[in-house]
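Data from start_26.cif: mmCIF, C-alpha atoms
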```cif
data_my_file
loop_
_atom_site.label_atom_id
_atom_site.label_comp_id
_atom_site.auth_asym_id
_atom_site.auth_seq_id
_atom_site.Cartn_x
_atom_site.Cartn_y
_atom_site.Cartn_z
CA MET A 1 83.23 -36.34 52.74
CA CYS A 2 84.40 -32.81 51.87
CA PHE A 3 84.98 -33.98 48.30
CA LEU A 4 81.42 -35.35 48.08
CA MET A 5 79.96 -32.12 49.51
CA SER A 6 81.90 -29.95 47.05
CA ALA A 7 80.86 -32.21 44.18
CA SER A 8 77.18 -31.93 45.14
CA VAL A 9 77.47 -28.15 45.43
CA ASN A 10 79.14 -27.91 42.00
CA LYS A 11 76.44 -30.12 40.50
CA ALA A 12 73.67 -27.94 41.97
CA TYR A 13 75.40 -24.79 40.72
CA ALA A 14 75.74 -26.29 37.23
CA GLN A 15 72.03 -27.20 37.20
CA ILE A 16 71.09 -23.66 38.19
CA GLN A 17 73.32 -22.18 35.50
CA HIS A 18 71.84 -24.57 32.94
CA SER A 19 68.28 -23.59 33.94
CA ARG A 20 69.25 -19.92 33.67
CA LYS A 21 70.60 -20.45 30.17
CA GLU A 22 67.42 -22.29 29.18
CA ASN A 23 65.29 -19.43 30.52
CA ALA A 24 67.41 -16.85 28.69
CA GLU A 25 67.12 -18.81 25.44
CA ALA A 26 63.35 -19.13 25.87
CA GLU A 27 63.04 -15.36 26.33
CA LYS A 28 64.87 -14.52 23.09
CA ILE A 29 62.86 -13.45 20.07
CA PRO A 30 63.90 -13.85 16.41
CA PHE A 31 65.01 -10.91 14.29
CA LYS A 32 61.72 -10.65 12.39
CA GLY A 33 59.81 -10.68 15.67
CA ARG A 34 61.47 -7.40 16.60
CA TRP A 35 59.80 -5.52 13.72
CA GLY A 36 56.42 -3.85 13.59
CA ILE A 37 54.74 -2.23 10.57
CA LYS A 38 52.06 0.35 11.28
CA THR A 39 49.66 2.77 9.67
CA ASN A 40 47.56 5.54 11.20
CA ALA A 41 43.80 5.49 10.56
CA VAL A 42 43.42 9.18 11.48
CA ASP A 43 45.71 10.21 8.60
CA TRP A 44 43.85 7.94 6.19
CA LEU A 45 40.59 9.65 7.19
CA LEU A 46 42.27 12.93 6.25
CA THR A 47 43.27 11.38 2.89
CA VAL A 48 46.94 11.29 3.83
CA PRO A 49 48.66 7.95 3.07
CA ASN A 50 51.16 6.93 5.73
CA ILE A 51 53.32 4.07 6.90
CA GLY A 52 55.71 3.49 9.77
CA VAL A 53 58.06 0.89 11.15
CA GLU A 54 59.21 0.12 14.69
CA PHE A 55 62.20 -1.96 15.74
CA ASP A 56 62.99 -3.40 19.18
CA LEU A 57 66.46 -2.46 20.40
CA GLY A 58 66.80 -5.71 22.36
CA ASN A 59 66.30 -9.33 21.33
CA THR A 60 64.40 -10.53 24.42
CA ILE A 61 60.85 -10.20 25.66
CA ARG A 62 62.22 -8.11 28.56
CA ASN A 63 63.38 -5.35 26.22
CA LYS A 64 61.29 -2.20 26.50
CA ARG A 65 63.09 0.26 24.19
CA THR A 66 62.34 0.75 20.50
CA ILE A 67 63.27 3.04 17.64
CA GLY A 68 60.79 3.90 14.89
CA ALA A 69 60.25 5.98 11.75
CA ASN A 70 57.06 7.27 10.14
CA ILE A 71 56.33 9.04 6.90
CA LYS A 72 53.12 10.57 5.53
CA TRP A 73 52.77 12.01 2.02
CA ASN A 74 49.96 13.77 0.19
CA TRP A 75 51.57 16.26 -2.16
CA ASN A 76 50.52 17.92 -5.44
CA THR A 77 47.87 15.52 -6.62
CA SER A 78 47.38 15.82 -10.38
CA GLN A 79 44.44 17.90 -11.60
CA LYS A 80 43.49 19.93 -14.70
CA TYR A 81 42.65 23.13 -12.84
CA THR A 82 43.90 25.23 -9.96
CA PRO A 83 41.82 24.14 -6.99
CA SER A 84 40.54 26.57 -4.38
CA LEU A 85 40.92 23.95 -1.62
CA ILE A 86 44.43 22.60 -1.02
CA PHE A 87 45.54 19.98 1.47
CA ASN A 88 49.14 18.91 0.81
CA VAL A 89 51.15 17.49 3.69
CA PHE A 90 54.53 15.79 3.96
CA ASP A 91 55.94 14.70 7.32
CA ALA A 92 58.86 12.46 8.26
CA ARG A 93 59.82 11.65 11.85
CA VAL A 94 61.96 9.37 13.94
CA GLU A 95 60.96 8.37 17.46
CA TRP A 96 62.52 6.62 20.45
CA ARG A 97 60.15 4.89 22.88
CA GLN A 98 60.25 3.40 26.35
CA TYR A 99 57.50 0.88 27.11
CA PHE A 100 56.23 -0.04 30.56
CA ARG A 101 53.39 -1.96 32.17
CA THR A 102 51.23 -1.23 35.19
CA ARG A 103 51.48 -3.23 38.41
CA ARG A 104 49.02 -3.89 41.20
CA ARG A 105 48.84 -1.45 44.10
CA TYR A 106 48.08 -3.13 47.41
CA THR A 107 47.79 0.04 49.51
CA SER A 108 45.75 3.20 49.05
CA THR A 109 46.57 6.78 49.97
CA THR A 110 43.94 9.43 50.67
CA LEU A 111 44.11 13.20 50.39
CA LYS A 112 44.16 13.40 54.19
CA GLU A 113 47.72 12.08 54.13
CA GLY A 114 48.83 14.98 51.91
CA VAL A 115 48.33 16.07 48.31
CA PHE A 116 51.90 15.33 47.25
CA LYS A 117 51.83 11.84 48.74
CA TYR A 118 48.43 11.18 47.16
CA LEU A 119 49.66 12.21 43.71
CA ASN A 120 52.91 10.28 44.11
CA ASP A 121 51.19 7.06 45.27
CA ASN A 122 48.13 7.16 43.01
CA ILE A 123 48.81 9.26 39.90
CA PHE A 124 52.52 9.52 39.10
CA THR A 125 53.25 5.82 39.44
CA THR A 126 52.90 2.63 37.43
CA LYS A 127 51.01 0.94 40.29
CA ARG A 128 47.24 0.75 39.89
CA LYS A 129 44.39 -0.73 41.87
CA ASN A 130 43.19 -2.61 38.77
CA PRO A 131 46.20 -2.88 36.43
CA ARG A 132 45.55 -3.58 32.76
CA ASP A 133 48.52 -5.84 32.25
CA TRP A 134 47.60 -6.70 28.66
CA ARG A 135 48.41 -3.13 27.65
CA ALA A 136 51.92 -1.84 27.03
CA TYR A 137 52.11 1.88 27.79
CA TYR A 138 54.87 4.05 26.34
CA TRP A 139 56.43 7.46 26.35
CA GLY A 140 58.91 8.66 23.78
CA ILE A 141 60.89 11.45 22.20
CA TYR A 142 60.51 12.37 18.54
CA ALA A 143 62.02 14.72 15.96
CA ASN A 144 60.29 15.58 12.70
CA ALA A 145 60.57 17.60 9.52
CA SER A 146 57.51 18.56 7.52
CA SER A 147 56.27 20.61 4.58
CA TYR A 148 52.72 21.81 4.22
CA ASN A 149 50.51 23.62 1.73
CA LEU A 150 47.05 24.25 3.11
CA LYS A 151 44.14 26.34 1.86
CA LEU A 152 40.76 25.70 3.38
CA GLY A 153 39.36 29.25 3.18
CA LYS A 154 40.06 32.51 1.37
CA GLN A 155 43.75 32.45 2.20
CA GLY A 156 46.25 29.61 2.28
CA ILE A 157 49.57 28.95 3.96
CA GLN A 158 52.65 27.17 2.65
CA GLY A 159 55.94 26.47 4.42
CA ASN A 160 58.29 24.14 6.27
CA SER A 161 58.70 23.24 9.93
CA TYR A 162 61.09 21.32 12.09
CA GLY A 163 60.09 20.13 15.53
CA ALA A 164 60.74 17.90 18.53
CA GLY A 165 58.66 16.80 21.48
CA ILE A 166 57.25 13.88 23.43
CA SER A 167 54.84 11.08 22.61
CA LEU A 168 52.46 9.25 24.95
CA GLY A 169 50.10 6.36 24.45
CA TYR A 170 49.59 2.64 24.75
CA THR A 171 49.20 -0.40 22.55
CA ALA A 172 47.08 -3.51 23.11
CA PRO A 173 46.49 -6.78 21.25
CA LEU A 174 43.61 -6.65 18.79
CA TYR A 175 43.72 -9.79 16.63
CA GLY A 176 46.03 -12.75 16.22
CA TYR A 177 46.22 -15.77 13.98
CA ARG A 178 49.07 -18.22 14.40
CA LYS A 179 52.23 -16.09 14.17
CA ASN A 180 50.55 -13.03 12.69
CA HIS A 181 49.19 -10.37 15.00
CA ILE A 182 47.54 -6.98 14.69
CA ASP A 183 47.79 -4.62 17.65
CA LEU A 184 45.92 -1.40 18.27
CA GLU A 185 47.89 1.72 19.19
CA LEU A 186 46.33 4.86 20.67
CA GLY A 187 48.39 7.95 21.40
CA GLY A 188 49.53 11.39 20.43
CA SER A 189 52.51 13.71 20.18
CA ILE A 190 53.04 17.26 21.36
CA GLY A 191 56.08 19.48 20.96
CA LEU A 192 57.69 22.70 19.80
CA ALA A 193 58.27 23.71 16.18
CA TYR A 194 60.54 26.02 14.21
CA ALA A 195 58.66 27.14 11.09
CA ASP A 196 58.57 29.55 8.15
CA TYR A 197 55.59 30.13 5.86
CA ASP A 198 54.10 32.22 3.08
CA VAL A 199 50.48 33.31 2.94
CA PHE A 200 48.68 33.30 -0.42
CA GLU A 201 45.26 33.53 -1.91
CA HIS A 202 43.56 32.00 -4.94
CA ASP A 203 42.97 34.06 -8.05
CA ALA A 204 40.37 32.09 -10.00
CA GLU A 205 40.45 34.39 -13.04
CA SER A 206 44.16 34.08 -13.69
CA GLY A 207 44.41 30.55 -12.25
CA CYS A 208 47.29 31.35 -9.90
CA TYR A 209 48.06 31.86 -6.21
CA PRO A 210 49.45 35.34 -5.57
CA ARG A 211 51.59 35.76 -2.44
CA ILE A 212 50.55 38.17 0.32
CA ALA A 213 53.91 39.58 1.41
CA ASP A 214 52.64 41.45 4.49
CA LYS A 215 51.45 38.26 6.13
CA CYS A 216 54.42 36.04 5.28
CA LYS A 217 56.87 35.16 8.03
CA GLY A 218 60.41 33.83 7.99
CA GLY A 219 61.99 31.26 10.27
CA HIS A 220 60.77 31.56 13.87
CA LEU A 221 60.04 29.45 16.92
CA VAL A 222 56.34 28.90 17.46
CA PRO A 223 55.67 30.33 20.95
CA PHE A 224 53.29 27.58 22.07
CA PRO A 225 53.33 23.76 21.94
CA LEU A 226 51.63 22.08 19.01
CA ILE A 227 49.81 18.76 18.75
CA THR A 228 51.75 17.25 15.90
CA ASP A 229 50.17 13.81 15.72
CA LEU A 230 47.07 11.88 16.82
CA ARG A 231 47.26 8.13 16.43
CA VAL A 232 44.70 5.39 16.08
CA ALA A 233 47.11 3.02 14.43
CA PHE A 234 47.08 -0.63 13.45
CA VAL A 235 50.40 -2.42 13.97
CA TYR A 236 51.28 -5.69 12.27
CA ARG A 237 53.73 -7.84 14.25
CA PHE A 238 54.99 -11.41 14.20
CA ILE A 239 54.94 -11.38 18.02
CA SER A 240 52.05 -9.59 19.69
CA VAL A 241 52.62 -6.82 22.19
CA LYS A 242 51.11 -9.00 24.93
CA ASP A 243 54.15 -11.28 24.63
CA LYS A 244 56.72 -8.46 24.54
CA TYR A 245 57.93 -5.62 26.73
CA LYS A 246 57.56 -7.73 29.87
CA GLN A 247 58.25 -6.26 33.25
CA SER A 248 61.83 -6.61 34.41
CA VAL A 249 60.58 -7.00 37.97
CA THR A 250 59.19 -10.41 36.99
CA ARG A 251 62.66 -11.61 36.15
CA ARG A 252 64.10 -10.07 39.32
CA VAL A 253 61.44 -11.84 41.37
CA ASP A 254 62.30 -15.14 39.67
CA ILE A 255 66.00 -14.65 40.39
CA ARG A 256 65.25 -13.68 43.99
CA GLU A 257 63.07 -16.79 44.35
CA GLU A 258 65.85 -18.97 42.97
CA LYS A 259 68.32 -17.48 45.47
CA ARG A 260 65.86 -17.99 48.31
CA ASN A 261 65.29 -21.62 47.28
CA ARG A 262 69.04 -22.26 47.12
CA LEU A 263 69.54 -20.67 50.53
CA ASN A 264 66.69 -22.69 52.03
CA ALA A 265 68.14 -25.87 50.55
CA ALA A 266 71.56 -25.08 52.04
CA ILE A 267 70.01 -24.30 55.44
CA ASN A 268 67.96 -27.51 55.39
CA LYS A 269 71.06 -29.50 54.53
CA MET A 270 72.98 -27.79 57.34
CA ARG A 271 70.18 -28.47 59.80
CA ALA A 272 70.02 -32.12 58.79
CA ARG A 273 73.74 -32.47 59.53
CA ILE A 274 73.37 -30.72 62.91
CA ASP A 275 70.38 -32.92 63.82
CA SER A 276 72.31 -36.08 62.97
CA LEU A 277 75.30 -35.01 65.08
CA ASN A 278 73.06 -33.93 67.95
CA SER A 279 71.16 -37.23 67.93
CA VAL A 280 74.45 -39.16 68.07
CA TYR A 281 75.71 -37.19 71.08
CA SER A 282 72.30 -37.27 72.77
CA LYS A 283 72.30 -41.08 72.68
CA GLN A 284 75.68 -41.03 74.39
CA GLY A 285 74.36 -38.67 77.07
CA ALA A 286 76.59 -35.79 75.95
CA THR A 287 76.02 -32.37 74.43
CA LEU A 288 76.99 -31.38 70.92
CA PRO A 289 80.45 -29.74 71.02
CA ASP A 290 80.91 -26.48 69.10
CA SER A 291 84.23 -27.69 67.72
CA LEU A 292 82.40 -29.91 65.20
CA LEU A 293 80.51 -26.95 63.74
CA ASN A 294 81.72 -24.02 61.66
CA LYS A 295 80.62 -20.46 62.38
CA GLU A 296 77.52 -20.59 60.17
CA GLU A 297 76.49 -23.93 61.66
CA GLN A 298 76.99 -22.59 65.19
CA LYS A 299 74.69 -19.66 64.41
CA GLU A 300 72.13 -22.02 62.94
CA TRP A 301 72.45 -24.33 65.96
CA LYS A 302 71.72 -21.44 68.34
CA LYS A 303 68.77 -20.49 66.17
CA MET A 304 67.49 -24.06 66.28
CA GLN A 305 67.79 -24.09 70.07
CA LYS A 306 65.80 -20.85 70.33
CA GLU A 307 63.15 -22.26 67.99
CA ALA A 308 62.96 -25.39 70.13
CA GLN A 309 62.52 -23.27 73.26
CA LEU A 310 59.79 -21.21 71.64
CA LYS A 311 58.07 -24.35 70.42
CA ALA A 312 58.26 -25.88 73.91
CA GLN A 313 56.82 -22.67 75.39
CA GLU A 314 53.97 -22.68 72.88
CA GLU A 315 53.21 -26.31 73.65
CA ALA A 316 53.30 -25.57 77.40
CA ASP A 317 50.90 -22.64 76.93
CA LYS A 318 48.60 -24.78 74.84
CA LYS A 319 48.68 -27.55 77.42
CA LEU A 320 47.96 -25.07 80.22
CA GLN A 321 45.03 -23.65 78.28
CA GLN A 322 43.66 -27.15 77.76
CA GLN A 323 44.00 -27.95 81.48
CA ILE A 324 42.22 -24.70 82.40
CA ALA A 325 39.43 -25.44 79.93
CA ASP A 326 39.04 -28.99 81.31
CA SER A 327 38.88 -27.68 84.88
CA LEU A 328 36.21 -25.15 83.90
CA GLY A 329 34.24 -27.66 81.85
CA ILE A 330 34.89 -25.81 78.57
CA GLN A 331 35.46 -27.77 75.38
CA LEU A 332 38.01 -26.26 72.98
CA SER A 333 37.29 -26.74 69.28
CA ASP A 334 38.71 -25.37 66.04
CA THR A 335 35.26 -25.25 64.42
CA VAL A 336 32.99 -24.03 67.24
CA PRO A 337 34.01 -20.60 68.60
CA LEU A 338 33.89 -19.84 72.31
CA THR A 339 31.34 -17.47 73.77
CA LYS A 340 32.40 -14.19 75.33
CA ASP A 341 31.76 -15.52 78.84
CA GLN A 342 33.88 -18.61 78.16
CA GLN A 343 36.68 -16.50 76.75
CA LYS A 344 36.50 -14.18 79.75
CA ALA A 345 36.59 -17.13 82.20
CA LEU A 346 39.56 -18.66 80.35
CA ARG A 347 41.48 -15.38 80.36
CA LYS A 348 40.75 -14.82 84.06
CA ALA A 349 41.84 -18.33 85.08
CA GLU A 350 44.91 -18.18 82.86
CA LYS A 351 45.85 -14.80 84.31
CA ALA A 352 45.47 -16.12 87.88
CA ILE A 353 47.63 -19.18 87.15
CA LYS A 354 50.28 -17.10 85.44
CA LYS A 355 50.27 -14.69 88.36
CA ALA A 356 50.69 -17.59 90.81
CA ASN A 357 53.49 -19.07 88.70
CA GLU A 358 55.19 -15.68 88.53
CA ALA A 359 54.92 -15.29 92.32
CA ALA A 360 56.36 -18.78 92.81
CA ARG A 361 59.17 -17.98 90.41
CA LYS A 362 59.99 -14.75 92.22
CA ASP A 363 59.84 -16.56 95.58
CA LYS A 364 62.20 -19.20 94.27
CA ILE A 365 64.59 -16.55 92.99
CA LYS A 366 64.41 -14.72 96.33
CA LYS A 367 65.14 -17.92 98.28
CA ALA A 368 68.07 -18.65 96.00
CA GLU A 369 69.39 -15.12 96.50
CA ASP A 370 68.93 -15.36 100.29
CA LYS A 371 70.72 -18.70 100.36
CA LYS A 372 73.55 -17.29 98.29
CA LYS A 373 73.76 -14.25 100.55
CA LYS A 374 73.82 -16.44 103.68
CA GLU A 375 76.53 -18.62 102.20
CA GLY A 376 78.52 -15.49 101.39
CA GLU A 377 78.15 -14.16 104.92
CA GLU A 378 79.20 -17.51 106.39
CA ALA A 379 82.23 -17.63 104.13
CA GLU A 380 83.12 -14.06 105.09
CA SER A 381 82.82 -14.79 108.85
CA ALA A 382 84.93 -17.93 108.45
CA SER A 383 87.55 -15.86 106.64
CA VAL A 384 87.58 -13.28 109.46
CA LYS A 385 87.97 -16.00 112.08
CA GLU A 386 90.80 -17.55 110.14
CA LYS A 387 92.56 -14.19 109.91
CA LYS A 388 92.18 -13.61 113.68
CA LYS A 389 93.51 -17.06 114.46
CA LYS A 390 96.46 -16.54 112.18
CA GLY A 391 97.19 -13.16 113.83
CA ARG A 392 97.22 -14.67 117.35
CA LYS A 393 99.56 -17.40 116.19
CA ASN A 394 101.98 -14.85 114.69
CA ARG A 395 102.02 -12.77 117.90
CA LYS A 396 102.82 -15.87 120.01
CA GLN A 397 105.75 -16.73 117.73
CA GLU A 398 107.17 -13.19 118.03
CA ALA A 399 106.96 -13.28 121.85
CA ALA A 400 108.73 -16.64 122.00
CA GLU A 401 111.57 -15.39 119.82
CA THR A 402 112.07 -12.32 122.11
CA GLU A 403 112.32 -14.47 125.29
CA ALA A 404 114.89 -16.76 123.68
CA VAL A 405 117.68 -14.05 123.60
CA LYS A 406 120.75 -14.97 126.01
CA PRO A 407 121.92 -12.74 129.07
CA GLU A 408 125.62 -12.84 127.95
CA ASP A 409 124.56 -11.06 124.80
CA THR A 410 123.36 -8.12 126.94
CA ALA A 411 126.28 -8.16 129.49
CA ALA A 412 129.09 -7.94 126.92
CA PRO A 413 128.25 -4.45 125.76
CA ALA A 414 128.17 -3.20 129.40
CA ALA A 415 131.72 -4.59 130.17
CA GLU A 416 133.10 -2.95 127.08
CA ALA A 417 131.64 0.39 128.22
CA ASP A 418 133.31 0.12 131.73
CA LYS A 419 136.67 -0.69 130.15
CA ARG A 420 136.54 2.39 127.91
CA LYS A 421 135.68 4.47 131.02
CA GLU A 422 138.80 3.26 132.95
CA ASP A 423 141.06 3.88 129.95
CA SER A 424 139.90 7.44 129.73
CA ARG A 425 140.78 8.08 133.33
#
```
Structure translated into structure tokens:
Amino acid sequence: MCFLMSASVNKAYAQIQHSRKENAEAEKIPFKGRWGIKTNAVDWLLTVPNIGVEFDLGNTIRNKRTIGANIKWNWNTSQKYTPSLIFNVFDARVEWRQYFRTRRRYTSTTLKEGVFKYLNDNIFTTKRKNPRDWRAYYWGIYANASSYNLKLGKQGIQGNSYGAGISLGYTAPLYGYRKNHIDLELGGSIGLAYADYDVFEHDAESGCYPRIADKCKGGHLVPFPLITDLRVAFVYRFISVKDKYKQSVTRRVDIREEKRNRLNAAINKMRARIDSLNSVYSKQGATLPDSLLNKEEQKEWKKMQKEAQLKAQEEADKKLQQQIADSLGIQLSDTVPLTKDQQKALRKAEKAIKKANEAARKDKIKKAEDKKKKEGEEAESASVKEKKKKGRKNRKQEAAETEAVKPEDTAAPAAEADKRKEDSR
């Protein structure tokens, strides 16, 4: 029997492991599905060509971390004259991102409960009253290097900068056909920059750009944060964002559900065994011995007994309520609710019966205690009588032993004393 039980357990464990492997294989994505190619429409509107790539750091749909690179280039376009308007930009950056999705919030916090708690429960959290689960939000860290040559007025500026900062935004599915998908990305970047630049102006007569030395500045840290990128980007992917960056909590819930199902199956199996043993002993008119159960089964057996008691109590209460309703001429129904007067009458009658039952119970307990007390007093008086009787018997025996001593035993010492007296004379 033990061998069969262990074999069944091993088989169930193997099935669970097999299902886990199947789920893990189903969640994997191919290498090309981890890539995304993007371009920013805002830069194109500013006549700056650009392209970027993004690569998932994990090979499953549960992965939420990516690494990406972007480059934009619009430098020294060919012309036959020295233009008065210049817009040359080069920027290269790398970026690490962490994606996340919003979840449903089932509770609400008001400002009356405190400002910090309100912000923590409603603003600085991924839980929302109406979550947009088709979106994948992200935050990231970037580093960039750029060169610029800009002249939009009388004076121009030319230099280099190096910066770092954070990125925020979200991406959502836009269009898909078979295994080709285009996603929309909205976001921006803000950070600090270390820059140096020269200021110049345009001399149309000589066709050159003389440098204004007083306004030029060497390497320095810009004392305020800069918006370094605004994105309205289109991302081409083989797997859309709606099928990636899934919440890890979903997988944890699935695993927890599997554990709960396995535990419930084990408990049901244990209860079936206990029920079968109990039915066998009940037919024989005996109780189930604890020696046949292990510790876990004994705990479960006690739990089953408590559940049976609670169920019996509920059935007794229901039966009592039905009897009260019948005596009052009230018909109980699951569809037709009772009136307030009927409910009041039922509660009053039920309270009176419960009070009478409680008084009878207390009276019964008191009678049992009085009986026990009387029995104790009778036992105590019987013990006292027995002790007295035993004491009288012992005294009689001592008196009899004293009377049984012979007279010669007392005369011999007296003769010996007289003899010693005569010798001394």
Best match for closeness to Ile67 in chain A among A:Ile212, A:Leu332, A:Leu346, A:Ala143, counting all atoms listed in the file: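 Under the stated criterion, the closest residue is A:Ala143.
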Name every residue that the PyMOL selection byres ((chain A and resi 46-58) around 6) selects in this structure, writing the answer as a PyMOL selection string with chains first and numbers rising. chain A and resi 34-39+43-45+59-60+63+65-74
CA of Tyr142 in chain A to CA of Leu226 in chain A, distance in Å rounded to a single decimal: 13.2 Å
Name the residues that the PyMOL selection byres ((chain A and resi 274) around 9) pulls out of this structure, and write them as a PDB file with C-alpha atoms, in the frame of the given file.
```pdb
ATOM      1  CA  LYS A 269      71.060 -29.500  54.530  1.00  0.00           C
ATOM      2  CA  MET A 270      72.980 -27.790  57.340  1.00  0.00           C
ATOM      3  CA  ARG A 271      70.180 -28.470  59.800  1.00  0.00           C
ATOM      4  CA  ALA A 272      70.020 -32.120  58.790  1.00  0.00           C
ATOM      5  CA  ARG A 273      73.740 -32.470  59.530  1.00  0.00           C
ATOM      6  CA  ASP A 275      70.380 -32.920  63.820  1.00  0.00           C
ATOM      7  CA  SER A 276      72.310 -36.080  62.970  1.00  0.00           C
ATOM      8  CA  LEU A 277      75.300 -35.010  65.080  1.00  0.00           C
ATOM      9  CA  ASN A 278      73.060 -33.930  67.950  1.00  0.00           C
ATOM     10  CA  SER A 279      71.160 -37.230  67.930  1.00  0.00           C
ATOM     11  CA  LEU A 288      76.990 -31.380  70.920  1.00  0.00           C
ATOM     12  CA  LEU A 293      80.510 -26.950  63.740  1.00  0.00           C
ATOM     13  CA  GLU A 297      76.490 -23.930  61.660  1.00  0.00           C
ATOM     14  CA  GLU A 300      72.130 -22.020  62.940  1.00  0.00           C
ATOM     15  CA  TRP A 301      72.450 -24.330  65.960  1.00  0.00           C
TER      16      TRP A 301
END
```
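Of the listed residues (A:Asn120, A:Gln323, A:Thr102, A:Thr107), A:Thr102 comes nearest to Arg132 in chain A; the distances count all atoms listed in the file.
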Dig up all the protein and nucleic acid residues within 12 Å of (45.5, -6.3, 37.6) in the file frame, using only C-alpha atoms, and format them as a PDB file with C-alpha atoms, in the frame of the given file.
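What follows is the written file part.pdb:
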```
ATOM      1  CA  ARG A 101      53.390  -1.960  32.170  1.00  0.00           C
ATOM      2  CA  THR A 102      51.230  -1.230  35.190  1.00  0.00           C
ATOM      3  CA  ARG A 103      51.480  -3.230  38.410  1.00  0.00           C
ATOM      4  CA  ARG A 104      49.020  -3.890  41.200  1.00  0.00           C
ATOM      5  CA  ARG A 105      48.840  -1.450  44.100  1.00  0.00           C
ATOM      6  CA  TYR A 106      48.080  -3.130  47.410  1.00  0.00           C
ATOM      7  CA  THR A 126      52.900   2.630  37.430  1.00  0.00           C
ATOM      8  CA  LYS A 127      51.010   0.940  40.290  1.00  0.00           C
ATOM      9  CA  ARG A 128      47.240   0.750  39.890  1.00  0.00           C
ATOM     10  CA  LYS A 129      44.390  -0.730  41.870  1.00  0.00           C
ATOM     11  CA  ASN A 130      43.190  -2.610  38.770  1.00  0.00           C
ATOM     12  CA  PRO A 131      46.200  -2.880  36.430  1.00  0.00           C
ATOM     13  CA  ARG A 132      45.550  -3.580  32.760  1.00  0.00           C
ATOM     14  CA  ASP A 133      48.520  -5.840  32.250  1.00  0.00           C
ATOM     15  CA  TRP A 134      47.600  -6.700  28.660  1.00  0.00           C
ATOM     16  CA  ARG A 135      48.410  -3.130  27.650  1.00  0.00           C
TER      17      ARG A 135
END
```
On this structure, the PyMOL selection byres ((chain A and resi 148-160) around 6) would catch which residues? List them as a count of residues only, sorted by chain and number. 15
Would you mind listing what lies within 9 Å of range 189-194 of chain A as a PDB file with C-alpha atoms, in the frame of the given file, with all atoms listed in the file counted and same-chain residues fewer than 2 positions away left out?
```pdb
ATOM      1  CA  GLY A 140      58.910   8.660  23.780  1.00  0.00           C
ATOM      2  CA  ILE A 141      60.890  11.450  22.200  1.00  0.00           C
ATOM      3  CA  TYR A 142      60.510  12.370  18.540  1.00  0.00           C
ATOM      4  CA  ASN A 160      58.290  24.140   6.270  1.00  0.00           C
ATOM      5  CA  SER A 161      58.700  23.240   9.930  1.00  0.00           C
ATOM      6  CA  TYR A 162      61.090  21.320  12.090  1.00  0.00           C
ATOM      7  CA  GLY A 163      60.090  20.130  15.530  1.00  0.00           C
ATOM      8  CA  ALA A 164      60.740  17.900  18.530  1.00  0.00           C
ATOM      9  CA  GLY A 165      58.660  16.800  21.480  1.00  0.00           C
ATOM     10  CA  ILE A 166      57.250  13.880  23.430  1.00  0.00           C
ATOM     11  CA  SER A 167      54.840  11.080  22.610  1.00  0.00           C
ATOM     12  CA  LEU A 168      52.460   9.250  24.950  1.00  0.00           C
ATOM     13  CA  GLY A 169      50.100   6.360  24.450  1.00  0.00           C
ATOM     14  CA  GLY A 187      48.390   7.950  21.400  1.00  0.00           C
ATOM     15  CA  ASP A 196      58.570  29.550   8.150  1.00  0.00           C
ATOM     16  CA  GLY A 219      61.990  31.260  10.270  1.00  0.00           C
ATOM     17  CA  HIS A 220      60.770  31.560  13.870  1.00  0.00           C
ATOM     18  CA  LEU A 221      60.040  29.450  16.920  1.00  0.00           C
ATOM     19  CA  VAL A 222      56.340  28.900  17.460  1.00  0.00           C
ATOM     20  CA  PRO A 223      55.670  30.330  20.950  1.00  0.00           C
ATOM     21  CA  PHE A 224      53.290  27.580  22.070  1.00  0.00           C
ATOM     22  CA  PRO A 225      53.330  23.760  21.940  1.00  0.00           C
ATOM     23  CA  LEU A 226      51.630  22.080  19.010  1.00  0.00           C
ATOM     24  CA  ILE A 227      49.810  18.760  18.750  1.00  0.00           C
ATOM     25  CA  THR A 228      51.750  17.250  15.900  1.00  0.00           C
ATOM     26  CA  ASP A 229      50.170  13.810  15.720  1.00  0.00           C
ATOM     27  CA  LEU A 230      47.070  11.880  16.820  1.00  0.00           C
ATOM     28  CA  ARG A 231      47.260   8.130  16.430  1.00  0.00           C
TER      29      ARG A 231
END
```
